[in-house]
$ cat structure-v4.cif   # mmCIF, C-alpha atoms and all ligand atoms
data_work
#
loop_
_atom_site.label_atom_id
_atom_site.label_comp_id
_atom_site.auth_asym_id
_atom_site.auth_seq_id
_atom_site.Cartn_x
_atom_site.Cartn_y
_atom_site.Cartn_z
CA MET G 1 0.00 0.00 0.00
CA PRO G 2 1.50 3.40 -0.93
CA GLU G 3 2.14 5.70 2.02
CA ILE G 4 -0.53 8.29 2.65
CA ASN G 5 0.81 11.82 2.41
CA THR G 6 -2.35 13.93 2.04
CA ILE G 7 -5.47 13.64 4.19
CA GLY G 8 -8.78 15.51 4.26
CA VAL G 9 -10.79 16.53 7.29
CA LEU G 10 -14.44 17.57 7.48
CA THR G 11 -17.06 18.26 10.13
CA GLY G 12 -20.62 17.01 9.51
CA GLY G 13 -23.95 17.30 11.30
CA GLY G 14 -24.86 19.86 13.95
CA ASP G 15 -22.09 21.93 15.48
CA CYS G 16 -20.83 20.88 18.88
CA PRO G 17 -18.27 22.11 21.43
CA GLY G 18 -14.90 20.47 20.73
CA LEU G 19 -15.06 20.27 16.92
CA ASN G 20 -12.22 22.76 16.62
CA ALA G 21 -10.18 20.86 19.19
CA VAL G 22 -10.44 17.72 17.04
CA ILE G 23 -9.50 19.65 13.89
CA ARG G 24 -6.48 21.06 15.73
CA GLY G 25 -5.49 17.58 16.93
CA VAL G 26 -5.77 16.15 13.40
CA VAL G 27 -3.92 19.01 11.72
CA ARG G 28 -1.07 19.28 14.23
CA SER G 29 -0.54 15.55 14.47
CA ALA G 30 -0.67 15.00 10.69
CA LEU G 31 1.65 17.95 9.96
CA GLY G 32 4.02 16.54 12.56
CA LYS G 33 4.11 13.30 10.58
CA GLY G 34 4.96 15.17 7.37
CA MET G 35 1.47 14.92 5.85
CA THR G 36 -0.48 17.62 4.00
CA VAL G 37 -3.94 18.36 5.43
CA LYS G 38 -6.87 19.61 3.35
CA GLY G 39 -9.89 21.05 5.15
CA ILE G 40 -13.22 20.37 3.46
CA GLN G 41 -15.68 23.16 4.18
CA ASN G 42 -19.34 22.79 5.16
CA GLY G 43 -19.38 19.04 5.59
CA PHE G 44 -20.28 16.82 2.67
CA GLN G 45 -21.40 19.84 0.68
CA GLY G 46 -17.72 20.80 0.41
CA LEU G 47 -16.85 17.34 -0.84
CA VAL G 48 -19.42 17.63 -3.62
CA GLU G 49 -18.80 21.29 -4.46
CA ASP G 50 -14.99 21.09 -4.11
CA MET G 51 -14.72 23.59 -1.23
CA VAL G 52 -11.24 22.59 -0.07
CA VAL G 53 -8.53 24.59 1.68
CA THR G 54 -5.00 23.61 2.65
CA MET G 55 -4.56 23.76 6.42
CA ARG G 56 -1.40 25.09 7.98
CA ASP G 57 -0.33 25.12 11.59
CA LYS G 58 -1.31 28.78 11.94
CA ASP G 59 -4.86 27.99 10.76
CA VAL G 60 -5.48 26.01 13.93
CA ALA G 61 -3.71 28.34 16.35
CA GLY G 62 -6.00 29.59 19.11
CA ILE G 63 -9.00 27.44 18.15
CA LEU G 64 -8.87 24.98 21.07
CA PRO G 65 -11.38 26.89 23.24
CA ARG G 66 -13.56 28.08 20.36
CA GLY G 67 -17.04 26.66 19.89
CA GLY G 68 -18.47 25.73 16.49
CA THR G 69 -16.23 24.60 13.65
CA ILE G 70 -13.80 26.70 11.65
CA LEU G 71 -14.59 24.46 8.66
CA GLY G 72 -18.34 25.05 8.72
CA THR G 73 -20.89 22.23 8.78
CA THR G 74 -24.39 21.22 7.76
CA ASN G 75 -26.81 18.59 9.03
CA ARG G 76 -28.75 18.56 5.75
CA ASP G 77 -26.46 17.19 3.05
CA ASN G 78 -26.13 13.55 2.08
CA PRO G 79 -23.85 13.26 -1.00
CA PHE G 80 -25.65 10.09 -2.11
CA HIS G 81 -29.00 11.87 -2.01
CA TYR G 82 -27.93 15.42 -2.77
CA ARG G 83 -30.35 18.24 -3.48
CA VAL G 84 -29.67 20.04 -6.77
CA GLU G 85 -31.72 22.51 -8.75
CA GLU G 86 -32.57 21.39 -12.27
CA ASN G 87 -34.90 23.31 -14.58
CA GLY G 88 -36.17 25.41 -11.68
CA LYS G 89 -37.01 22.32 -9.59
CA TYR G 90 -35.20 20.58 -6.73
CA VAL G 91 -34.23 16.98 -7.40
CA PHE G 92 -31.98 14.55 -5.51
CA ARG G 93 -28.90 13.04 -7.16
CA ASN G 94 -26.16 10.58 -6.23
CA MET G 95 -22.91 12.55 -6.38
CA THR G 96 -20.45 9.62 -6.20
CA ASP G 97 -18.59 10.69 -9.36
CA ARG G 98 -18.11 14.25 -8.11
CA ILE G 99 -16.84 13.06 -4.72
CA LEU G 100 -14.27 10.72 -6.25
CA GLU G 101 -13.22 13.38 -8.76
CA ASN G 102 -12.77 16.03 -6.04
CA LEU G 103 -10.86 13.70 -3.71
CA LYS G 104 -8.55 12.78 -6.59
CA GLY G 105 -8.21 16.39 -7.74
CA ASN G 106 -7.09 17.42 -4.25
CA ASN G 107 -4.90 14.34 -3.88
CA ILE G 108 -6.82 13.37 -0.71
CA GLN G 109 -5.98 9.74 0.04
CA ALA G 110 -7.79 9.39 3.36
CA LEU G 111 -10.62 11.30 4.98
CA VAL G 112 -11.25 12.11 8.65
CA MET G 113 -14.97 12.72 9.18
CA ILE G 114 -15.95 14.30 12.48
CA GLY G 115 -19.66 13.76 13.02
CA GLY G 116 -22.58 11.88 14.47
CA ASP G 117 -24.56 8.92 13.20
CA GLY G 118 -25.64 10.64 9.96
CA THR G 119 -22.03 11.44 9.10
CA HIS G 120 -20.94 7.88 9.88
CA ALA G 121 -23.77 6.48 7.74
CA VAL G 122 -22.39 8.48 4.81
CA GLY G 123 -18.86 7.33 5.77
CA LEU G 124 -19.96 3.71 5.53
CA GLU G 125 -21.19 4.31 1.97
CA LEU G 126 -18.01 6.22 1.09
CA GLY G 127 -16.03 3.19 2.26
CA LYS G 128 -17.99 1.00 -0.15
CA ILE G 129 -16.90 3.14 -3.12
CA GLY G 130 -13.27 2.89 -2.05
CA VAL G 131 -12.78 6.03 0.04
CA LYS G 132 -10.51 5.46 3.04
CA VAL G 133 -12.42 6.96 5.95
CA ILE G 134 -11.90 7.36 9.68
CA GLY G 135 -14.73 8.64 11.87
CA VAL G 136 -14.63 10.71 15.06
CA PRO G 137 -17.74 10.52 17.30
CA LYS G 138 -19.24 13.95 17.81
CA THR G 139 -22.53 14.92 19.39
CA ILE G 140 -23.88 16.62 22.46
CA ASP G 141 -26.47 13.79 22.60
CA ASN G 142 -23.92 11.04 23.50
CA ASP G 143 -26.08 8.70 21.40
CA ILE G 144 -23.34 6.92 19.42
CA PRO G 145 -22.75 3.26 20.34
CA CYS G 146 -19.38 1.53 20.93
CA THR G 147 -17.93 4.57 22.70
CA GLU G 148 -18.32 5.62 26.31
CA ARG G 149 -18.40 9.28 25.35
CA THR G 150 -18.86 11.51 22.37
CA PHE G 151 -17.08 14.82 22.68
CA GLY G 152 -19.46 17.75 23.22
CA PHE G 153 -21.66 15.88 25.70
CA ASP G 154 -19.80 17.10 28.76
CA SER G 155 -20.07 20.72 27.59
CA ALA G 156 -23.81 20.41 26.94
CA VAL G 157 -24.37 18.86 30.37
CA GLY G 158 -22.37 21.71 31.91
CA VAL G 159 -24.59 24.33 30.26
CA ALA G 160 -27.77 22.50 31.26
CA SER G 161 -26.69 22.17 34.90
CA TRP G 162 -25.71 25.83 34.94
CA ALA G 163 -29.23 26.63 33.70
CA LEU G 164 -30.77 24.46 36.43
CA ASP G 165 -28.86 26.31 39.15
CA ARG G 166 -30.39 29.53 37.89
CA LEU G 167 -33.89 28.11 37.52
CA HIS G 168 -33.74 27.00 41.17
CA THR G 169 -33.64 30.67 42.19
CA THR G 170 -36.93 31.53 40.52
CA ALA G 171 -38.51 28.21 41.52
CA GLU G 172 -37.76 28.82 45.20
CA SER G 173 -38.62 32.52 45.22
CA HIS G 174 -41.93 32.15 43.35
CA HIS G 175 -42.89 28.72 44.71
CA ARG G 176 -43.17 27.43 41.17
CA VAL G 177 -42.55 24.33 39.16
CA MET G 178 -39.72 25.16 36.77
CA ILE G 179 -39.24 22.85 33.80
CA LEU G 180 -36.09 22.72 31.71
CA GLU G 181 -36.36 21.07 28.28
CA VAL G 182 -33.01 19.84 27.00
CA MET G 183 -31.88 18.33 23.70
CA GLY G 184 -30.70 14.76 23.12
CA ARG G 185 -32.90 13.46 20.27
CA TYR G 186 -34.05 9.92 21.13
CA ALA G 187 -31.63 9.51 24.05
CA GLY G 188 -31.93 10.86 27.57
CA TRP G 189 -28.24 11.21 28.42
CA ILE G 190 -28.19 15.02 28.65
CA ALA G 191 -31.38 15.15 30.76
CA LEU G 192 -30.16 12.38 33.05
CA HIS G 193 -26.70 13.82 33.71
CA ALA G 194 -27.78 17.47 33.88
CA GLY G 195 -30.75 16.56 36.06
CA MET G 196 -28.54 14.71 38.50
CA ALA G 197 -25.90 17.47 38.50
CA GLY G 198 -28.53 20.17 38.92
CA GLY G 199 -30.52 18.49 41.70
CA ALA G 200 -33.73 17.97 39.70
CA ASP G 201 -36.72 16.47 41.48
CA VAL G 202 -38.12 14.92 38.31
CA ILE G 203 -36.10 13.69 35.31
CA LEU G 204 -37.98 12.56 32.22
CA ILE G 205 -36.14 10.69 29.47
CA PRO G 206 -37.31 8.91 26.29
CA GLU G 207 -36.18 5.54 27.63
CA ILE G 208 -38.62 5.73 30.58
CA PRO G 209 -42.09 6.86 29.41
CA PHE G 210 -43.82 8.95 32.04
CA SER G 211 -47.21 9.06 33.73
CA MET G 212 -48.66 12.51 34.55
CA GLU G 213 -50.21 11.05 37.72
CA VAL G 214 -46.78 9.97 38.98
CA ILE G 215 -45.24 13.39 38.27
CA VAL G 216 -48.10 15.23 39.95
CA ARG G 217 -47.93 12.90 42.97
CA LYS G 218 -44.21 13.68 43.35
CA ILE G 219 -44.82 17.44 43.22
CA ARG G 220 -47.70 17.20 45.74
CA ASP G 221 -45.57 15.04 48.06
CA ARG G 222 -42.93 17.73 48.02
CA VAL G 223 -45.49 20.40 48.92
CA GLU G 224 -46.69 18.25 51.81
CA ARG G 225 -43.10 18.06 53.03
CA GLY G 226 -42.86 21.87 52.92
CA LYS G 227 -41.07 22.14 49.58
CA THR G 228 -43.10 24.69 47.70
CA PHE G 229 -41.16 24.40 44.45
CA SER G 230 -40.03 21.64 42.11
CA ILE G 231 -37.49 21.32 39.33
CA VAL G 232 -38.25 19.12 36.33
CA VAL G 233 -35.75 18.27 33.57
CA VAL G 234 -37.31 16.84 30.45
CA ALA G 235 -35.48 15.48 27.42
CA GLU G 236 -36.94 16.70 24.13
CA GLY G 237 -37.68 13.05 23.25
CA ALA G 238 -39.52 12.21 26.49
CA LEU G 239 -43.00 10.78 25.98
CA PRO G 240 -46.00 9.74 28.04
CA ILE G 241 -46.73 6.04 28.59
CA GLY G 242 -48.63 4.91 25.49
CA GLY G 243 -48.08 8.28 23.82
CA GLU G 244 -45.68 9.79 21.29
CA MET G 245 -42.71 12.11 21.17
CA THR G 246 -43.48 15.78 20.48
CA VAL G 247 -42.35 16.88 17.03
CA LYS G 248 -41.50 20.55 16.62
CA ARG G 249 -40.89 20.68 12.89
CA ILE G 250 -40.46 18.61 9.75
CA VAL G 251 -37.29 19.28 7.77
CA GLU G 252 -38.02 17.60 4.46
CA ASP G 253 -34.60 17.89 2.82
CA SER G 254 -32.64 16.73 5.87
CA PRO G 255 -31.61 13.07 6.39
CA GLU G 256 -33.13 13.38 9.89
CA LYS G 257 -36.63 14.47 8.83
CA ILE G 258 -37.99 15.57 12.20
CA ARG G 259 -36.85 17.92 14.93
CA LEU G 260 -38.17 17.22 18.42
CA GLY G 261 -39.32 19.87 20.87
CA GLY G 262 -42.31 21.19 22.78
CA VAL G 263 -42.83 18.49 25.39
CA GLY G 264 -41.70 20.86 28.18
CA GLU G 265 -44.43 23.45 27.50
CA LYS G 266 -47.08 20.71 27.35
CA LEU G 267 -45.88 19.46 30.74
CA ALA G 268 -45.92 22.95 32.24
CA MET G 269 -49.54 23.46 31.24
CA GLU G 270 -50.63 20.03 32.47
CA ILE G 271 -48.76 20.29 35.80
CA GLU G 272 -50.22 23.75 36.44
CA LYS G 273 -53.73 22.53 35.60
CA ARG G 274 -53.48 19.50 37.87
CA THR G 275 -51.58 21.00 40.84
CA GLU G 276 -52.62 24.66 40.64
CA ILE G 277 -48.94 25.52 41.15
CA GLU G 278 -47.66 28.10 38.71
CA SER G 279 -45.39 26.33 36.22
CA ARG G 280 -42.96 27.63 33.60
CA CYS G 281 -40.90 25.97 30.91
CA THR G 282 -37.48 27.05 29.63
CA VAL G 283 -36.24 25.48 26.41
CA LEU G 284 -32.45 25.49 26.45
CA GLY G 285 -32.17 24.80 22.72
CA HIS G 286 -28.97 25.58 20.86
CA LEU G 287 -27.35 27.20 23.90
CA GLN G 288 -26.32 23.61 24.70
CA ARG G 289 -24.41 23.31 21.45
CA GLY G 290 -22.70 26.68 21.44
CA GLY G 291 -19.70 28.17 23.10
CA THR G 292 -16.47 26.96 24.52
CA PRO G 293 -15.92 23.24 25.25
CA THR G 294 -15.21 22.08 28.79
CA ALA G 295 -11.69 20.95 29.72
CA TYR G 296 -12.89 17.33 29.53
CA ASP G 297 -14.18 17.80 25.98
CA ARG G 298 -11.02 19.61 24.85
CA VAL G 299 -8.90 16.73 26.10
CA LEU G 300 -11.15 14.02 24.65
CA ALA G 301 -11.43 15.84 21.31
CA THR G 302 -7.66 16.23 21.09
CA ARG G 303 -7.14 12.53 21.89
CA TYR G 304 -9.68 11.60 19.20
CA GLY G 305 -8.01 13.83 16.59
CA VAL G 306 -4.57 12.38 17.25
CA ALA G 307 -5.96 8.82 17.27
CA ALA G 308 -7.65 9.35 13.89
CA VAL G 309 -4.31 10.23 12.32
CA ASP G 310 -2.68 7.25 14.05
CA CYS G 311 -5.31 4.98 12.43
CA ILE G 312 -4.42 6.42 9.03
CA VAL G 313 -0.71 5.81 9.64
CA ARG G 314 -1.45 2.20 10.61
CA GLY G 315 -3.62 1.76 7.51
CA GLU G 316 -6.80 1.12 9.52
CA PHE G 317 -9.83 2.42 7.62
CA GLY G 318 -13.60 2.17 7.82
CA ARG G 319 -13.28 2.64 11.57
CA MET G 320 -14.40 5.17 14.17
CA VAL G 321 -12.14 6.18 17.03
CA ALA G 322 -13.82 5.44 20.35
CA LEU G 323 -13.38 5.66 24.12
CA GLN G 324 -13.57 2.36 25.96
CA LYS G 325 -12.53 1.93 29.60
CA ASN G 326 -11.11 5.44 29.29
CA GLN G 327 -8.66 4.29 26.60
CA ILE G 328 -8.82 5.41 22.97
CA THR G 329 -9.43 2.56 20.56
CA SER G 330 -11.29 2.17 17.26
CA VAL G 331 -14.33 0.18 16.12
CA PRO G 332 -15.74 -0.68 12.67
CA ILE G 333 -18.06 2.08 11.43
CA ALA G 334 -20.45 -0.69 10.39
CA ASP G 335 -20.94 -1.54 14.09
CA VAL G 336 -22.02 2.02 14.82
CA VAL G 337 -24.35 3.11 12.03
CA GLY G 338 -28.07 2.87 12.68
CA LYS G 339 -27.56 1.40 16.15
CA PRO G 340 -29.03 3.34 19.04
CA HIS G 341 -27.17 4.15 22.23
CA ASN G 342 -29.84 4.75 24.80
CA VAL G 343 -29.89 5.01 28.58
CA PRO G 344 -30.45 1.48 29.93
CA ALA G 345 -33.29 1.16 32.45
CA ASP G 346 -30.77 -0.12 35.00
CA ASP G 347 -28.15 2.56 34.28
CA GLN G 348 -26.19 3.19 37.47
CA LEU G 349 -27.06 6.88 37.42
CA VAL G 350 -30.78 6.12 37.06
CA LEU G 351 -30.52 3.77 40.03
CA ALA G 352 -28.58 6.37 42.01
CA GLY G 353 -31.28 8.92 41.19
CA ARG G 354 -34.03 6.59 42.35
CA ALA G 355 -32.06 5.91 45.54
CA ILE G 356 -32.05 9.60 46.45
CA GLY G 357 -35.71 10.12 45.59
CA VAL G 358 -35.56 11.48 42.04
CA CYS G 359 -38.78 10.73 40.18
CA PHE G 360 -38.37 9.36 36.64
CA GLY G 361 -42.08 9.64 35.94
CA ASP G 362 -42.77 5.92 36.08
CA GLU G 363 -43.17 5.05 39.77
O1 LIG Q 1 -27.96 16.06 17.44
C1 LIG Q 1 -27.73 17.29 18.04
C2 LIG Q 1 -29.01 18.07 18.17
O2 LIG Q 1 -28.73 19.29 18.84
C3 LIG Q 1 -30.15 17.33 18.88
O3 LIG Q 1 -30.00 17.27 20.28
C4 LIG Q 1 -31.34 18.11 18.40
O4 LIG Q 1 -32.50 17.32 18.43
C5 LIG Q 1 -30.97 18.49 16.98
O5 LIG Q 1 -29.56 18.39 16.90
C6 LIG Q 1 -31.40 19.88 16.57
O6 LIG Q 1 -31.09 20.07 15.23
P1 LIG Q 1 -31.15 21.49 14.48
O7 LIG Q 1 -29.90 22.25 14.84
O8 LIG Q 1 -31.21 21.14 13.04
O9 LIG Q 1 -32.38 22.18 14.98
#
$ encode --input "structure-v4.cif" --output "structure tokens" --more "lines below"
Ligand code: F6P
Amino acid sequence: MPEINTIGVLTGGGDCPGLNAVIRGVVRSALGKGMTVKGIQNGFQGLVEDMVVTMRDKDVAGILPRGGTILGTTNRDNPFHYRVEENGKYVFRNMTDRILENLKGNNIQALVMIGGDGTHAVGLELGKIGVKVIGVPKTIDNDIPCTERTFGFDSAVGVASWALDRLHTTAESHHRVMILEVMGRYAGWIALHAGMAGGADVILIPEIPFSMEVIVRKIRDRVERGKTFSIVVVAEGALPIGGEMTVKRIVEDSPEKIRLGGVGEKLAMEIEKRTEIESRCTVLGHLQRGGTPTAYDRVLATRYGVAAVDCIVRGEFGRMVALQKNQITSVPIADVVGKPHNVPADDQLVLAGRAIGVCFGDE
């Protein structure tokens, strides 16, 4: 196998704290090994449209604490089902030829893709047409299997717990039920960890469907014990027993067609109606994805970036770098794509929560 001397790097999917730290790790480590690094802008769009820049050491200087991605990203483009305008109409085309042409034109022999499950699904297909890919698990949701942590999760949990500390103030002063709706898609990791860190009384996650009666009983019990306020953390994907998740919007041209959201406001209205305690909902939204990464995420992201280049040097492709038993390793991308990583019902943190009286809406 000829030695690889030029690699590409792209960020795909939603932005996330730590993306720049990975880019920096990839660029610095690859340059140190005598490679050339090409940055592909705006995710897979850049691969199709040939938006490629050469990355030098000075391009990554000072980006470690910066949120977002200096390369740009999108969570809409799939190069195998790519939206193009033809004769005034949008149609979807497979852009395989353009991808291969652009990789060849830029002499990119291996590609580091930093992204979530959508990005890795595309990576799997790229592997099938002969592209040498290495994935890096990114997402605030922590919903990628085969790795203990995705980078970005710790930062999102930090923001959500910060928000809970502040909501406590109003809850206590006004004797209210304050509800915080957090992101996470179909997984409850952010709600669980932030709820535990922020001292929530009720934590609602998609993995444990809730009963309104149980939630109301918990809030009333607290009142009887002299606690005139309650804090509820609800994951955007949380759902009532026998019910459905709350969809906020349909995004037709995105691989992930729906965006969740709105369950928190529904809860606030229902809790207020049933308990007659004033209730308010705060939706944390994209604040969880923005801003500077935590120290933990900077370190993890840097380790992932360096490990991705190490995989390339060893000639290991079609793999995603991963954290297992706190050691960096790699796993086949095929083991990751389309597989959920949800909170198990007997997760130690769920059990710890139950042990200290946190209500998960089910009992
Ligand atoms: O996957 C990250 C995430 O922030 C989810 O938690 C959330 O459901 C979704 O992306 C929001 O996507 P968008 O930025 O397109 O609204």
$ closest_atom_pairs --input "structure-v4.cif" --of "chain G" --to "ligand LIG 1 (chain Q)" --cutoff "7 Å" --atoms "only C-alpha atoms and all ligand atoms" --output "tab-separated table"
residue	atom	partner	partner_atom	distance
G:Gly14	CA	Q:LIG1	C1	5.6
G:Asn75	CA	Q:LIG1	O8	6.5
G:Thr139	CA	Q:LIG1	C1	5.9
G:Ile140	CA	Q:LIG1	C1	5.9
G:Asp141	CA	Q:LIG1	O3	5.5
G:Met183	CA	Q:LIG1	O3	4.0
G:Gly184	CA	Q:LIG1	O3	3.9
G:Arg185	CA	Q:LIG1	O4	4.3
G:Arg259	CA	Q:LIG1	O4	5.6
G:Leu260	CA	Q:LIG1	O4	5.7
G:His286	CA	Q:LIG1	O2	6.6
G:Arg289	CA	Q:LIG1	O2	6.5
$ closest_residue --input "structure-v4.cif" --among "G:Ile333, G:Met196, G:Ile328, G:Ile190" --to "Gln288 of chain G" --atoms "all atoms listed in the file"
G:Ile190
$ atom_distance --input "structure-v4.cif" --atom1 "atom CA of Asp154 of chain G" --atom2 "atom CA of Val233 of chain G"
16.7 Å
$ atom_distance --input "structure-v4.cif" --atom1 "atom CA of Pro137 of chain G" --atom2 "atom CA of Met320 of chain G"
7.0 Å
$ residues_around --input "structure-v4.cif" --residues "His120 of chain G" --least-positions-apart "4" --cutoff "12 Å" --atoms "all atoms listed in the file" --output "PyMOL selection string"
chain G and resi 10-13+44+78+111-116+124-127+133-139+144-145+318-321+331-339
$ residues_around --input "structure-v4.cif" --residues "segment 252-258 of chain G" --least-positions-apart "4" --cutoff "9 Å" --atoms "all atoms listed in the file" --output "ChimeraX atom specification"
/G:75-78,81,83,118,247-248
$ axis_aligned_box --input "structure-v4.cif" --around "segment 183-201 of chain G" --padding-each-side "8 Å" --output "JSON"
{"center_x": -31.3, "center_y": 14.8, "center_z": 31.0, "size_x": 26.8, "size_y": 26.7, "size_z": 37.4}
$ residues_around --input "structure-v4.cif" --residues "Asp97 of chain G" --least-positions-apart "3" --cutoff "10 Å" --atoms "only C-alpha atoms" --output "ChimeraX atom specification"
/G:48,94,100-102,129
$ write_last_selection --input "structure-v4.cif" --atoms "C-alpha atoms" --output "mmCIF file, keeping the file's coordinate frame"
data_model
loop_
_atom_site.group_PDB
_atom_site.id
_atom_site.type_symbol
_atom_site.label_atom_id
_atom_site.label_comp_id
_atom_site.auth_asym_id
_atom_site.auth_seq_id
_atom_site.Cartn_x
_atom_site.Cartn_y
_atom_site.Cartn_z
ATOM 1 C CA VAL G 48 -19.420 17.630 -3.620
ATOM 2 C CA ASN G 94 -26.160 10.580 -6.230
ATOM 3 C CA LEU G 100 -14.270 10.720 -6.250
ATOM 4 C CA GLU G 101 -13.220 13.380 -8.760
ATOM 5 C CA ASN G 102 -12.770 16.030 -6.040
ATOM 6 C CA ILE G 129 -16.900 3.140 -3.120
#
$ atom_distance --input "structure-v4.cif" --atom1 "atom CA of Ala235 of chain G" --atom2 "atom CA of Tyr304 of chain G"
27.4 Å
$ residues_around --input "structure-v4.cif" --residues "segment 186-189 of chain G" --least-positions-apart "3" --cutoff "10 Å" --atoms "all atoms listed in the file" --output "PyMOL selection string"
chain G and resi 140-144+153+157+182-183+192-195+203-208+234-238+245+260+340-344
$ closest_residue --input "structure-v4.cif" --among "G:Thr329, G:Thr169, G:Ser279, G:Thr96" --to "Cys311 of chain G" --atoms "all atoms listed in the file"
G:Thr329
$ residues_around --input "structure-v4.cif" --residues "Ile99 of chain G" --least-positions-apart "6" --cutoff "10 Å" --atoms "all atoms listed in the file" --output "short mmCIF file (atom, residue, chain, number, x, y, z; two decimals) with C-alpha atoms, in the coordinates of the input"
data_model
loop_
_atom_site.label_atom_id
_atom_site.label_comp_id
_atom_site.auth_asym_id
_atom_site.auth_seq_id
_atom_site.Cartn_x
_atom_site.Cartn_y
_atom_site.Cartn_z
CA PHE G 44 -20.28 16.82 2.67
CA GLN G 45 -21.40 19.84 0.68
CA GLY G 46 -17.72 20.80 0.41
CA LEU G 47 -16.85 17.34 -0.84
CA VAL G 48 -19.42 17.63 -3.62
CA GLU G 49 -18.80 21.29 -4.46
CA ASP G 50 -14.99 21.09 -4.11
CA PRO G 79 -23.85 13.26 -1.00
CA PHE G 80 -25.65 10.09 -2.11
CA GLY G 105 -8.21 16.39 -7.74
CA LEU G 126 -18.01 6.22 1.09
CA VAL G 131 -12.78 6.03 0.04
#
$ decode --input "structure-v4.cif" --residues "segment 18-31 of chain G" --atoms "N, CA, C and O atoms" --output "compact mmCIF listing (two decimals), in the first residue's frame"
# COMPACT_ATOMS: atom_id res chain seq x y z
N GLY G 18 -16.01 21.42 20.86
CA GLY G 18 -14.90 20.47 20.73
C GLY G 18 -14.55 20.14 19.29
O GLY G 18 -13.51 19.52 19.03
N LEU G 19 -15.37 20.56 18.34
CA LEU G 19 -15.06 20.27 16.92
C LEU G 19 -13.70 20.87 16.55
O LEU G 19 -12.87 20.21 15.90
N ASN G 20 -13.49 22.11 16.97
CA ASN G 20 -12.22 22.76 16.62
C ASN G 20 -11.03 22.08 17.30
O ASN G 20 -9.93 22.03 16.73
N ALA G 21 -11.27 21.56 18.49
CA ALA G 21 -10.18 20.86 19.19
C ALA G 21 -9.79 19.59 18.43
O ALA G 21 -8.61 19.24 18.37
N VAL G 22 -10.77 18.91 17.84
CA VAL G 22 -10.44 17.72 17.04
C VAL G 22 -9.66 18.15 15.79
O VAL G 22 -8.63 17.55 15.44
N ILE G 23 -10.17 19.18 15.12
CA ILE G 23 -9.50 19.65 13.89
C ILE G 23 -8.04 19.99 14.21
O ILE G 23 -7.12 19.59 13.49
N ARG G 24 -7.84 20.69 15.32
CA ARG G 24 -6.48 21.06 15.73
C ARG G 24 -5.63 19.81 15.97
O ARG G 24 -4.47 19.74 15.54
N GLY G 25 -6.22 18.82 16.65
CA GLY G 25 -5.49 17.58 16.93
C GLY G 25 -5.10 16.87 15.63
O GLY G 25 -3.97 16.41 15.47
N VAL G 26 -6.03 16.81 14.69
CA VAL G 26 -5.77 16.15 13.40
C VAL G 26 -4.67 16.90 12.65
O VAL G 26 -3.68 16.31 12.20
N VAL G 27 -4.85 18.22 12.53
CA VAL G 27 -3.92 19.01 11.72
C VAL G 27 -2.51 18.96 12.32
O VAL G 27 -1.53 18.66 11.62
N ARG G 28 -2.40 19.23 13.61
CA ARG G 28 -1.07 19.28 14.23
C ARG G 28 -0.38 17.92 14.17
O ARG G 28 0.81 17.84 13.86
N SER G 29 -1.15 16.87 14.46
CA SER G 29 -0.54 15.55 14.47
C SER G 29 -0.13 15.13 13.05
O SER G 29 0.95 14.58 12.85
N ALA G 30 -0.99 15.40 12.07
CA ALA G 30 -0.67 15.00 10.69
C ALA G 30 0.51 15.82 10.15
O ALA G 30 1.42 15.27 9.51
N LEU G 31 0.52 17.13 10.43
CA LEU G 31 1.65 17.95 9.96
C LEU G 31 2.95 17.44 10.59
O LEU G 31 3.99 17.36 9.94
